Amino acid sequence: MILSMLMGAALAGAPMPPRPERAMLAEVQRLYRGAGDRLWPGFGKVPLDLVLIGPDRETLFCHAAVKGFTDAGRDPLTKCHLQVRPRRLSPDLAAAYPVFPGGESIAIGYPATLEMSPAYWKATILHEAFHLYQSHLPGYGQAVQAVGRSLGSDGGWMLNYPFPYADPKVGEAFLAMGEAGLAFLTAPSAEQRLAARKAYVAARETALARVSADDRLYYEFQVGQEGVARWTELTLARQGDVAMRADALDRWTGLATSLRAIREQGFKTWKRGALYVYGAIEAEMLERSGVDWRQAYRRQPFALGEQLRRLD
């Protein structure tokens with residue numbers, strides 16, 4: 001008990017996390033409260049519920065009191081109430097999940113620990129902040145649970161579901177999707193983008209016809225959850241500072257590079273990572289079509305395919 005009290009006192013007197021990291025978090029807040037809220041209504045109301053994992057201690061931003069943490073005052077940059085405790089989490093984390101009771105939080109290490117540039121680190125937090133936003137959408141948690149029940153898998157189904165990545169016929173069909181997606185991303189005119197989008201939707205139907213109903217459900221879940229998060233991250237990062245805009249432009253171009261790599265290395269090599277790429281491209285197809293797909297997404301987050309089919 002005495003040791004715990006002494007440790008709490010020491011942490012309470014410890015300095016805040018370094019100013020550069022706190023300034024980066026404040027920039028992330030500015031983006032999702034401004035551009036993010038215009039893109040996704042209500043995004044700006046989601047607090048920066050984040051635990052920053054340092055080498056020796058963790059700092060919890062914008063969260064209700066958690067047992068085991070010590071009050072550390074208010075950060076003038078993020079305007080968040082801070083709490084600290086000795087480090088328990090791995091410093092190489094970068095994820096949103098129920099770290100503490102009461103819902104999802106972002107857990108992330110320092111940029112240097114994760115070997116990320118400041119621009120990429122901020123974009124990663126935007127990605128995870130969108131996951132927090134998803135978790136606040138009415139019915140989203142129930143929809144995720146319903147997918148898990150349908151797939152009949154354990155708690156690790158999101159990462160470990162046995163999608164038939166290694167099936168040659170499935171891989172061939174998804175690579176055809178990728179070729180149409182690449183044509184969409186590199187099309188020099190609106191007419192060619194439209195033709196590429198139609199080819200993609202047709203290839204998508206063919207590919208999903210080669211897998212089971214559970215596989216199709218898993219695909220729609222992944223492109224809806226992770227693909228749209230990737231699209232949001234890149235879209236918002238393009239409205240950040242100069243370094244973020246340059247990094248986002250490079251990574252947006254990198255979607256085409258990823259499609260080429262999937263073609264060369266094989267669908268079975270990329271596995272779930274390929275679905276992130278396809279989902280981001282599908283979101284961009286919907287965005288460029290001019291329909292209010294984001295409003296529909298808030299009601300049915302795992303129905304990008306249905307929205308794409310309705311375009312034609």
# chains A, B, ... in the order shown; residues from 1 in each chain; ligands from 1
>>> residues_around(residues="A:Glu205", least_positions_apart="4", cutoff="12 Å", atoms="only C-alpha atoms", output="PDB file with C-alpha atoms, in the first residue's frame")
ATOM      1  CA  VAL A 170     -10.786 -17.115 -55.553  1.00  0.00           C
ATOM      2  CA  ALA A 173     -11.293 -13.533 -59.242  1.00  0.00           C
ATOM      3  CA  PHE A 174     -10.112 -11.014 -56.659  1.00  0.00           C
ATOM      4  CA  ALA A 176      -9.587  -9.244 -61.585  1.00  0.00           C
ATOM      5  CA  MET A 177     -11.250  -6.891 -59.107  1.00  0.00           C
ATOM      6  CA  LYS A 198     -18.644  -0.792 -63.682  1.00  0.00           C
ATOM      7  CA  ALA A 199     -15.982  -3.370 -64.483  1.00  0.00           C
ATOM      8  CA  TYR A 200     -15.019  -3.468 -60.815  1.00  0.00           C
ATOM      9  CA  VAL A 201     -18.605  -4.035 -59.650  1.00  0.00           C
ATOM     10  CA  ALA A 209     -19.975 -15.742 -56.182  1.00  0.00           C
ATOM     11  CA  ARG A 210     -16.950 -18.036 -55.789  1.00  0.00           C
ATOM     12  CA  VAL A 211     -17.006 -17.977 -52.008  1.00  0.00           C
ATOM     13  CA  ARG A 216     -19.138 -12.826 -48.428  1.00  0.00           C
ATOM     14  CA  TYR A 219     -15.649  -9.513 -46.928  1.00  0.00           C
ATOM     15  CA  GLY A 305     -21.563  -3.762 -52.230  1.00  0.00           C
ATOM     16  CA  GLU A 306     -25.252  -2.990 -52.163  1.00  0.00           C
ATOM     17  CA  LEU A 308     -22.184   0.068 -55.488  1.00  0.00           C
ATOM     18  CA  ARG A 309     -24.773  -2.072 -57.253  1.00  0.00           C
TER      19      ARG A 309
END
>>> residues_around(residues="A:Met244", least_positions_apart="6", cutoff="9 Å", atoms="only C-alpha atoms", output="list in words")
Pro118, Ala119, Tyr120, Lys122, Ala123, Ala237 and Arg238 of chain A
>>> write_last_selection(atoms="N, CA and C atoms", output="mmCIF file, in the first residue's frame")
data_model
loop_
_atom_site.group_PDB
_atom_site.id
_atom_site.type_symbol
_atom_site.label_atom_id
_atom_site.label_comp_id
_atom_site.auth_asym_id
_atom_site.auth_seq_id
_atom_site.Cartn_x
_atom_site.Cartn_y
_atom_site.Cartn_z
ATOM 1 N N PRO A 118 6.062 11.664 -38.076
ATOM 2 C CA PRO A 118 4.954 12.381 -37.425
ATOM 3 C C PRO A 118 3.685 12.398 -38.275
ATOM 4 N N ALA A 119 3.830 12.574 -39.591
ATOM 5 C CA ALA A 119 2.657 12.619 -40.470
ATOM 6 C C ALA A 119 1.929 11.278 -40.475
ATOM 7 N N TYR A 120 2.674 10.188 -40.566
ATOM 8 C CA TYR A 120 2.055 8.864 -40.603
ATOM 9 C C TYR A 120 1.440 8.524 -39.248
ATOM 10 N N LYS A 122 0.134 10.630 -37.059
ATOM 11 C CA LYS A 122 -1.134 11.355 -36.943
ATOM 12 C C LYS A 122 -2.214 10.722 -37.809
ATOM 13 N N ALA A 123 -1.856 10.280 -39.015
ATOM 14 C CA ALA A 123 -2.832 9.622 -39.886
ATOM 15 C C ALA A 123 -3.315 8.315 -39.264
ATOM 16 N N ALA A 237 -6.267 13.202 -43.838
ATOM 17 C CA ALA A 237 -4.845 13.554 -43.824
ATOM 18 C C ALA A 237 -4.496 14.511 -44.959
ATOM 19 N N ARG A 238 -5.248 14.433 -46.068
ATOM 20 C CA ARG A 238 -4.994 15.345 -47.191
ATOM 21 C C ARG A 238 -5.406 16.783 -46.857
#
>>> closest_residue(among="A:Pro101, A:Gly266, A:Tyr297, A:Gln192", to="A:Pro41", atoms="only C-alpha atoms")
A:Tyr297
>>> select_by_dssp(residues="stretch 2-195 of chain A", states="strand (DSSP E or B)", output="number ranges by chain")
A: 50-53, 57-61, 70-74, 81-86, 94-100, 103-109
>>> write_last_selection(atoms="C-alpha atoms", output="PDB file, in the first residue's frame")
ATOM      1  CA  LEU A  50      -6.452   7.677 -26.083  1.00  0.00           C
ATOM      2  CA  VAL A  51      -3.727   6.124 -23.982  1.00  0.00           C
ATOM      3  CA  LEU A  52      -0.241   7.207 -25.042  1.00  0.00           C
ATOM      4  CA  ILE A  53       2.223   4.455 -24.187  1.00  0.00           C
ATOM      5  CA  ARG A  57       4.407   5.133 -18.101  1.00  0.00           C
ATOM      6  CA  GLU A  58       1.084   5.484 -19.855  1.00  0.00           C
ATOM      7  CA  THR A  59      -0.867   8.711 -20.156  1.00  0.00           C
ATOM      8  CA  LEU A  60      -4.617   8.514 -20.621  1.00  0.00           C
ATOM      9  CA  PHE A  61      -6.247  11.422 -22.470  1.00  0.00           C
ATOM     10  CA  THR A  70      -3.346   8.901 -11.022  1.00  0.00           C
ATOM     11  CA  ASP A  71      -4.722  12.336 -11.873  1.00  0.00           C
ATOM     12  CA  ALA A  72      -2.189  14.388 -13.827  1.00  0.00           C
ATOM     13  CA  GLY A  73      -4.105  17.591 -14.499  1.00  0.00           C
ATOM     14  CA  ARG A  74      -5.276  19.175 -17.717  1.00  0.00           C
ATOM     15  CA  HIS A  81      -7.872  15.707 -18.574  1.00  0.00           C
ATOM     16  CA  LEU A  82      -4.848  13.425 -18.110  1.00  0.00           C
ATOM     17  CA  GLN A  83      -4.261  10.344 -15.966  1.00  0.00           C
ATOM     18  CA  VAL A  84      -1.018   8.368 -15.612  1.00  0.00           C
ATOM     19  CA  ARG A  85       0.127   4.959 -14.442  1.00  0.00           C
ATOM     20  CA  PRO A  86       3.245   2.788 -14.813  1.00  0.00           C
ATOM     21  CA  ALA A  94      -1.538   1.118 -32.487  1.00  0.00           C
ATOM     22  CA  ALA A  95      -5.157   0.025 -32.196  1.00  0.00           C
ATOM     23  CA  ALA A  96      -8.646   0.925 -30.968  1.00  0.00           C
ATOM     24  CA  TYR A  97     -10.255  -1.638 -28.681  1.00  0.00           C
ATOM     25  CA  PRO A  98     -11.860  -1.851 -25.191  1.00  0.00           C
ATOM     26  CA  VAL A  99      -8.642  -1.087 -23.283  1.00  0.00           C
ATOM     27  CA  PHE A 100     -10.655   0.106 -20.269  1.00  0.00           C
ATOM     28  CA  GLY A 103     -16.097   1.398 -24.580  1.00  0.00           C
ATOM     29  CA  GLU A 104     -13.225   1.562 -27.026  1.00  0.00           C
ATOM     30  CA  SER A 105     -10.077   3.631 -26.595  1.00  0.00           C
ATOM     31  CA  ILE A 106      -7.044   4.198 -28.802  1.00  0.00           C
ATOM     32  CA  ALA A 107      -3.820   2.664 -27.501  1.00  0.00           C
ATOM     33  CA  ILE A 108      -0.697   3.866 -29.276  1.00  0.00           C
ATOM     34  CA  GLY A 109       3.036   4.078 -28.671  1.00  0.00           C
TER      35      GLY A 109
END
>>> residues_around(residues="A:Phe163", least_positions_apart="2", cutoff="7 Å", atoms="only C-alpha atoms", output="list in words")
Tyr161, Tyr165 and Asp215 of chain A
